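Colleague: Pasting run.pdb below, which is PDB, C-alpha atoms.
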ATOM      1  CA  MET G   1      37.686  77.098 116.771
ATOM      2  CA  PRO G   2      38.924  74.383 119.140
ATOM      3  CA  GLU G   3      40.884  71.492 117.702
ATOM      4  CA  PRO G   4      39.228  68.056 117.694
ATOM      5  CA  HIS G   5      40.364  65.690 120.411
ATOM      6  CA  ALA G   6      41.045  61.985 120.269
ATOM      7  CA  PRO G   7      40.545  59.924 123.425
ATOM      8  CA  GLY G   8      44.236  60.375 124.284
ATOM      9  CA  GLY G   9      45.026  63.804 122.791
ATOM     10  CA  LEU G  10      44.746  66.067 119.749
ATOM     11  CA  LEU G  11      44.082  64.680 116.283
ATOM     12  CA  CYS G  12      46.386  65.182 113.326
ATOM     13  CA  VAL G  13      45.479  68.372 111.447
ATOM     14  CA  PHE G  14      45.811  66.593 108.095
ATOM     15  CA  CYS G  15      44.175  63.168 108.366
ATOM     16  CA  ARG G  16      42.164  63.778 111.564
ATOM     17  CA  ARG G  17      42.320  60.026 112.282
ATOM     18  CA  GLN G  18      45.431  59.538 114.402
ATOM     19  CA  ARG G  19      46.663  61.271 117.523
ATOM     20  CA  VAL G  20      49.378  63.908 117.132
ATOM     21  CA  ASP G  21      52.903  62.554 117.490
ATOM     22  CA  PRO G  22      55.149  65.031 119.360
ATOM     23  CA  THR G  23      57.897  64.350 116.793
ATOM     24  CA  TRP G  24      55.705  65.554 113.892
ATOM     25  CA  ARG G  25      53.419  67.982 115.729
ATOM     26  CA  PRO G  26      50.774  69.057 114.653
ATOM     27  CA  PHE G  27      50.779  65.948 112.439
ATOM     28  CA  CYS G  28      50.666  62.260 113.334
ATOM     29  CA  SER G  29      53.465  61.210 110.971
ATOM     30  CA  GLU G  30      55.992  62.362 108.418
ATOM     31  CA  ARG G  31      53.597  61.187 105.697
ATOM     32  CA  CYS G  32      50.843  63.589 106.802
ATOM     33  CA  LYS G  33      53.388  66.389 107.142
ATOM     34  CA  LEU G  34      54.639  65.856 103.580
ATOM     35  CA  GLN G  35      51.132  65.473 102.155
ATOM     36  CA  ASP G  36      50.145  68.799 103.736
ATOM     37  CA  LEU G  37      53.267  70.472 102.321
ATOM     38  CA  ALA G  38      52.475  69.056  98.880
ATOM     39  CA  ARG G  39      49.017  70.633  98.972
ATOM     40  CA  TRP G  40      50.540  74.047  99.718
ATOM     41  CA  VAL G  41      53.075  73.664  96.899
ATOM     42  CA  ASP G  42      50.399  72.528  94.417
ATOM     43  CA  GLY G  43      48.231  75.528  95.287
ATOM     44  CA  ALA G  44      45.403  73.475  96.806
ATOM     45  CA  TYR G  45      45.533  75.712  99.898
ATOM     46  CA  ARG G  46      45.231  79.431  99.393
ATOM     47  CA  ALA G  47      45.334  82.356 101.757
ATOM     48  CA  PRO G  48      42.449  84.805 101.257
ATOM     49  CA  GLY G  49      43.298  88.221  99.908
ATOM     50  CA  GLU G  50      43.686  90.288  96.791
ATOM     51  CA  TRP G  51      46.437  89.757  94.241
ATOM     52  CA  ALA G  52      49.219  92.317  94.361
ATOM     53  CA  ASP G  53      49.703  94.346  91.200
ATOM     54  CA  GLN G  54      53.051  93.170  89.845
ATOM     55  CA  SER G  55      53.440  96.164  87.515
ATOM     56  CA  GLU G  56      53.605  98.590  90.469
ATOM     57  CA  LYS G  57      56.400  96.596  92.058
ATOM     58  CA  SER G  58      58.481  96.449  88.869
ATOM     59  CA  GLU G  59      57.958 100.182  88.153
ATOM     60  CA  GLY G  60      59.163 101.072  91.652
ATOM     61  CA  LYS G  61      62.363  99.081  91.192
ATOM     62  CA  SER G  62      63.192 100.591  87.782
ATOM     63  CA  LYS G  63      62.890 104.195  89.065
ATOM     64  CA  LYS G  64      65.698 103.731  91.601
TER
END
Write the structure described by the file as structure tokens, please.
Modeller:
Amino acid sequence: MPEPHAPGGLLCVFCRRQRVDPTWRPFCSERCKLQDLARWVDGAYRAPGEWADQSEKSEGKSKK
């Protein structure tokens, strides 16, 4: 999917209002960069997939 364009360049991937600043690419500012990071830390963003079975991992370690 192509990224949206502003009249002078790409839009920030977080706010989609301001043009990307090369210093904070792909964001427009440090604020948008930190807000995006906060969403990952809070669990608002999730990668699709199945949960790994934690018991299998711990059993494998104890057998060694």
Colleague: Can you tell me which residues surround G:Phe27 at a distance of at most 12 Å, considering all atoms listed in the file, apart from same-chain residues fewer than 4 positions away, and format the answer as number ranges by chain?
Modeller: G: 10-23, 31-37
Colleague: Deliver the residues from the most recent selection as a file, using C-alpha atoms, as a PDB file, in the frame of the given file.
Modeller:
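Output saved as again_20.pdb:
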ATOM      1  CA  LEU G  10      44.746  66.067 119.749  1.00  0.00           C
ATOM      2  CA  LEU G  11      44.082  64.680 116.283  1.00  0.00           C
ATOM      3  CA  CYS G  12      46.386  65.182 113.326  1.00  0.00           C
ATOM      4  CA  VAL G  13      45.479  68.372 111.447  1.00  0.00           C
ATOM      5  CA  PHE G  14      45.811  66.593 108.095  1.00  0.00           C
ATOM      6  CA  CYS G  15      44.175  63.168 108.366  1.00  0.00           C
ATOM      7  CA  ARG G  16      42.164  63.778 111.564  1.00  0.00           C
ATOM      8  CA  ARG G  17      42.320  60.026 112.282  1.00  0.00           C
ATOM      9  CA  GLN G  18      45.431  59.538 114.402  1.00  0.00           C
ATOM     10  CA  ARG G  19      46.663  61.271 117.523  1.00  0.00           C
ATOM     11  CA  VAL G  20      49.378  63.908 117.132  1.00  0.00           C
ATOM     12  CA  ASP G  21      52.903  62.554 117.490  1.00  0.00           C
ATOM     13  CA  PRO G  22      55.149  65.031 119.360  1.00  0.00           C
ATOM     14  CA  THR G  23      57.897  64.350 116.793  1.00  0.00           C
ATOM     15  CA  ARG G  31      53.597  61.187 105.697  1.00  0.00           C
ATOM     16  CA  CYS G  32      50.843  63.589 106.802  1.00  0.00           C
ATOM     17  CA  LYS G  33      53.388  66.389 107.142  1.00  0.00           C
ATOM     18  CA  LEU G  34      54.639  65.856 103.580  1.00  0.00           C
ATOM     19  CA  GLN G  35      51.132  65.473 102.155  1.00  0.00           C
ATOM     20  CA  ASP G  36      50.145  68.799 103.736  1.00  0.00           C
ATOM     21  CA  LEU G  37      53.267  70.472 102.321  1.00  0.00           C
TER      22      LEU G  37
END
Colleague: One decimal, Å: what's the distance from atom CA of G:Gly8 over to atom CA of G:Pro26, could you say?
Modeller: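 Separation between atom CA of G:Gly8 and atom CA of G:Pro26: 14.5 Å.
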Colleague: What does the structure give for the distance between atom CA of G:Trp24 and atom CA of G:Trp40, in Å to one decimal?
Modeller: 17.3 Å
Colleague: Report the distance between atom CA of G:Ser29 and atom CA of G:Gly43 in Å, rounded to one decimal place.
Modeller: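 Atom-to-atom, atom CA of G:Ser29 to atom CA of G:Gly43, that is 21.9 Å.
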